[in-house]
Structures are given as C-alpha cells and as structure tokens.
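Let me begin by presenting the structure, written as structure tokens, before commenting on it.
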Amino acid sequence: MMKWKPPKEWTRIDTIEMHTGGEPLRVVTAGLPVIFGDTVLEKRRYFRDHYDYLRKSLMWEPRGHADMYGAVVTPSIQADFDVFFLHNEGYSTMCGHAMIALIKLVLESGMGRDAAPTFSVPAGLIRTRAVRMNGVVHRSFFRAVPSFVYLQDQRVEVPGIGLVQFDIAYGGAFYAFVSAESLGLELDVSHYMRLIDFGRRIKEAVMRSFPVQHPFEADLSFLYGTIFTGPAKDPRHHSRNVCIFADGEVDRSPTGSGVSARAALHYARGDLSIGQIITIESIIGSVMTVEVVETTRFDSYEAVVPEVGGSAAIIGRSEFYLDPSDSLGAGFLLR
C-alpha cells in the first residue's frame with residue numbers, strides 16, 4: 001500500500017471522468033477555490049478572470065489533451081445547479097454532451113433531489129429528463145434553449161479553400177454549417193486533420209466577415225465552431241455531423257448544441273416537423289436524437305425548442321495535484 005501523500009502546499013483537485021458518445025467530460029467535484037457570483041455568467045467571468053490557470057491545468061497536457069472538455073458545477077439560485085464549461089481555448093456557452101453526462105451523474109450519485117434536474121448554463125435554463133432502470137440512467141434528454149437560424153445561404157472566401165457556402169444557426173452556441181461534400185471532405189477519421197484544418201479556416205473567415213451578435217448577451221456573441229454535415233453511414237439515421245470547435249477541437253459526439261442548431265435549420269427549411277425525431281451520427285458513429293418539441297420567438301427570431309437525447313458513461317475518478325515547482329504543470333498543448 002503506497003503511503004505517499006502530497007505536500008500541504010500543493011493544490012489538489014478531484015474529478016469524475018465521463019464521456020458522451022466518446023466525447024470526454026471532466027467534472028470537477030472538489031478542490032476549487034471559492035467562485036464568486038450570483039448567476040452562472042458572473043461565476044464564469046470570475047473563474048475566467050481569477051482562475052484561468054486551473055482551466056489550463058485541467059484541460060491541457062499533461063493532465064488533459066487538445067480535445068479535453070470540462071464542467072464546473074456549483075449551487076444555483078435559478079435552477080438546481082449552475083454549470084459552466086471549459087475547453088482548450090476558454091469557456092463555451094452551452095454543451096449538450098455535458099448535459100447528457102451530468103444528468104446521469106446527478107441522478108446516479110444522489111447529487112440531485114429531483115428526478116428531472118434543471119441546470120442554469122451561460123445560454124439559459126436547461127430542463128431535463130431521463131430513462132432509468134434500477135437506478136441506472138440509460139438515456140438522458142435535455143430541452144435546449146430557443147434555437148434559431150441566424151444567417152442562411154451565405155458565402156465567404158476562405159484562404160486555401162476558396163468560396164464556401166454556409167449557414168449560421170444557434171443552439172446555445174453559434175455554429176457555421178457547411179456541406180462536407182461540397183469541399184470533398186469525408187466525415188470520418190480518415191479526414192481527421194483535414195477537418196480540423198478546414199474547420200479552423202472557415203471559422204476564422206466567417207468571423208472576419210460575418211460577426212455574430214446574440215440578441216441579449218454580449219458574452220454569447222461569438223462563433224463557437226464549424227459543423228460539417230453529410231449523409232449518415234447507417235441508413236437508419238438521418239445524417240452525420242463533425243463539429244470543429246474552440247481551437248480546433250474535434251467533438252467525438254454529434255454535438256448537443258450543434259444538433260439543436262441543426263433542428264432550427266431543418267425546421268426553417270421545412271424538412272423537419274414538430275414531433276419528428278431524427279438521429280444524427282458523429283465522426284465515430286455515436287448518435288444523438290433531436291426533436292422539435294415547440295416553436296417560439298426569441299427576440300426578433302423565429303425559434304424552436306429542441307429536445308436532444310443521448311447516452312453517457314462514467315469511466316473513472318481522478319485526483320490531480322498542482323506542484324508549484326513543476327514548470328510544465330501549468331499546462332501546454334500539442335496537436
């Protein structure tokens with residue numbers, strides 16, 4: 001039995017490790033300093049301004065990697081929990097794969113008293129439900145924030161690629177949607193690096209020419225990523241997504257906020273109706289379902305409220321140490 005203990009001056013952070021459709025989620029469970037703020041946006045700003053070194057320490061190497069993703073869960077006065085999200089570049093506004101995982105964690109760990117916990121995230125209030133058998137969550141569902149089409153049938157000149165047609169839609173975050181076929185891209189691991197390269201270039205080009213503005217929150221007014229779409233590999237499924245977000249991260253899942261935005265796009269085009277459930281694949285073949293459950297208005301936008309479903313797994317528990325004398329412990333990234 002190992003008797004070693006970390007020195008008292010080291011910071012210790014405990015996490016639960018999960019994944020949804022292959023996409024990792026590192027949930028911080030203990031060890032963080034006090035995060036001040038009444039709302040989740042205030043807490044996220046405080047964490048960003050005072051503790052960003054902890055995001056880098058947990059998301060970047062040697063404890064993480066370029067595609068690591070995390071969540072910080074705190075008590076809430078607006079919902080059952082406040083949650084904000086961490087990644088290689090910073091902080092996202094909404095994360096569907098994290099919602100699916102957190103529903104499972106909350107219900108199976110006893111963190112939540114409600115069978116349908118609510119979460120306040122930077123994008124708004126998220127309501128949930130789960131399918132359980134003998135206390136085990138087999139599928140999680142969340143109702144996304146109002147999702148809408150921001151721009152449709154636009155074109156942008158992308159250096160090294162050429163003229164690219166795209167749409168922008170919002171599902172808790174803003175994404176540029178591009179047909180993979182139009183660029184000669186395959187939506188599988190054989191084109192992994194090309195997808196990253198093209199996704200970054202397109203995102204940068206769109207941001208330069210088409211700045212996005214959230215109707216109410218300046219903190220949400222940015223383009224989060226590029227989502228390439230194409231036909232499903234499995235004929236039983238509707239289509240396939242590959243999302244390149246943050247600084248070239250590749251979502252292993254179909255992207256919960258991405259499929260919410262896609263639901264808005266498909267509804268606006270008239271090829272998805274209320275109550276119709278479609279199944280969307282990821283780069284590795286994992287799936288999420290999405291259904292438009294109602295329509296609404298979001299400021300001046302015609303919007304939909306999608307419900308997204310998927311499955312998650314708990315894969316481990318970690319205990320990390322931050323040694324002040326470790327010159328590389330603050331984090332670094334290699335792709």
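Naming scheme: A, B, ... for chains in displayed order of the structure tokens; residues 1 onward per chain; ligands 1 onward as shown.
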
Open item on the list: Taking 5 positions as the minimum chain separation for residues in the same chain, which residues sit within 8 Å of stretch 209-212 of chain A when counting only C-alpha atoms? Answer as a PyMOL selection string.
Closed with: chain A and resi 156+174+221-223

What does the file look like for those residues with C-alpha atoms, as a CSV table (one decimal), in the first residue's frame?
```
chain,number,residue,atom,x,y,z
A,156,VAL,CA,-17.3,33.5,-47.8
A,174,PHE,CA,-23.4,29.8,-32.8
A,221,SER,CA,-21.8,36.8,-29.1
A,222,PHE,CA,-19.2,34.7,-30.9
A,223,LEU,CA,-18.9,31.9,-33.4
```

Open item on the list: If we count only C-alpha atoms and set the cut-off at 8 Å, which residues sit around A:Val73, ignoring sequence neighbours fewer than 3 positions away in its own chain? Please answer as a VMD selection string.
Closed with: chain A and resid 27 to 29 81 to 84

- [ ] Enter the distance from atom CA of A:Arg132 to atom CA of A:Ile284, in Å, rounded to one decimal.
- [x] 25.5 Å

Task: Secondary structure check, alpha helix (DSSP H) residues of stretch 177-258 of chain A, as a PyMOL selection string - done: chain A and resi 192-209+256-258

Quick one: residues within 10 Å of A:Val145, only C-alpha atoms, excluding same-chain residues fewer than 5 positions away - as a PDB file with C-alpha atoms, in the first residue's frame?
```
ATOM      1  CA  MET A  94     -23.677  25.658 -23.845  1.00  0.00           C
ATOM      2  CA  VAL A 121     -25.871  27.393 -18.086  1.00  0.00           C
ATOM      3  CA  ALA A 123     -27.024  30.198 -22.571  1.00  0.00           C
ATOM      4  CA  GLY A 124     -30.037  29.871 -20.269  1.00  0.00           C
ATOM      5  CA  LEU A 125     -32.143  27.365 -18.335  1.00  0.00           C
ATOM      6  CA  ILE A 126     -31.951  23.688 -19.324  1.00  0.00           C
ATOM      7  CA  ARG A 127     -34.722  21.254 -18.361  1.00  0.00           C
ATOM      8  CA  TYR A 170     -27.729  28.991 -32.786  1.00  0.00           C
ATOM      9  CA  GLY A 171     -28.477  26.130 -30.395  1.00  0.00           C
ATOM     10  CA  GLY A 172     -26.947  27.570 -27.244  1.00  0.00           C
ATOM     11  CA  ALA A 173     -23.826  28.457 -29.247  1.00  0.00           C
ATOM     12  CA  SER A 257     -25.844  22.252 -29.078  1.00  0.00           C
ATOM     13  CA  SER A 260     -30.108  21.778 -31.573  1.00  0.00           C
ATOM     14  CA  ALA A 261     -28.987  24.401 -34.079  1.00  0.00           C
ATOM     15  CA  PHE A 298     -36.505  34.697 -29.398  1.00  0.00           C
ATOM     16  CA  ALA A 303     -37.097  29.848 -32.962  1.00  0.00           C
ATOM     17  CA  VAL A 304     -37.664  26.245 -31.980  1.00  0.00           C
ATOM     18  CA  VAL A 305     -37.180  24.396 -28.707  1.00  0.00           C
ATOM     19  CA  PRO A 306     -35.395  21.109 -29.454  1.00  0.00           C
ATOM     20  CA  GLU A 307     -35.108  18.087 -27.183  1.00  0.00           C
TER      21      GLU A 307
END
```

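All residues of protein, DNA or RNA that reach within 8 Å of A:Asp299, judged by only C-alpha atoms and not counting those fewer than 2 positions away in the chain, are Pro215, Arg297 and Tyr301 of chain A.
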
Task: Surrounding residues of A:Gln165 excluding itself and chain neighbours under 2 positions, 12 Å, only C-alpha atoms, as an MDAnalysis selection string - done: chainID A and resid 151:158 161:163 167:168 176:183 202 205:206 228

Task: Within 9 Å of A:Arg200 using only C-alpha atoms, minus same-chain residues under 2 positions, as a ChimeraX atom specification - done: /A:195-198,202-205,225-226,244-248

Open item on the list: Can you pull out the residues contacting A:Arg26? Cut-off 8 Å, using only C-alpha atoms, and skip same-chain residues under 4 positions away; I want them as a VMD selection string.
Closed with: chain A and resid 15 to 18 68 to 71

- [ ] Find the distance between atom CA of A:Ser239 and atom CA of A:Ser282 and write it in Å to one decimal.
- [x] 9.0 Å

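Distances from A:Leu32, A:Leu102, A:Val72, A:Leu58 to A:Ala330 were compared using only C-alpha atoms, and the smallest one belongs to A:Leu58.
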
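Of the residues listed (A:Met193, A:Cys95, A:Tyr321, A:Phe142), A:Phe142 shows the shortest atom-to-atom separation from A:Val308; distances use only C-alpha atoms.
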
Open item on the list: Could you tell me how far atom CA of A:Gly90 sits from atom CA of A:Leu41, in Å to one decimal place?
Closed with: 13.7 Å

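Residue nearest A:Pro75 within the list A:Asp114, A:Glu23, A:Asp49, A:Asp38: A:Asp38 [criterion: smallest interatomic distance, only C-alpha atoms].
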
- [ ] Give the answer as one residue: which of A:Arg139, A:Pro231, A:Gly22, A:Tyr51 has the shortest atom-to-atom distance to A:Val34, using only C-alpha atoms?
- [x] A:Tyr51
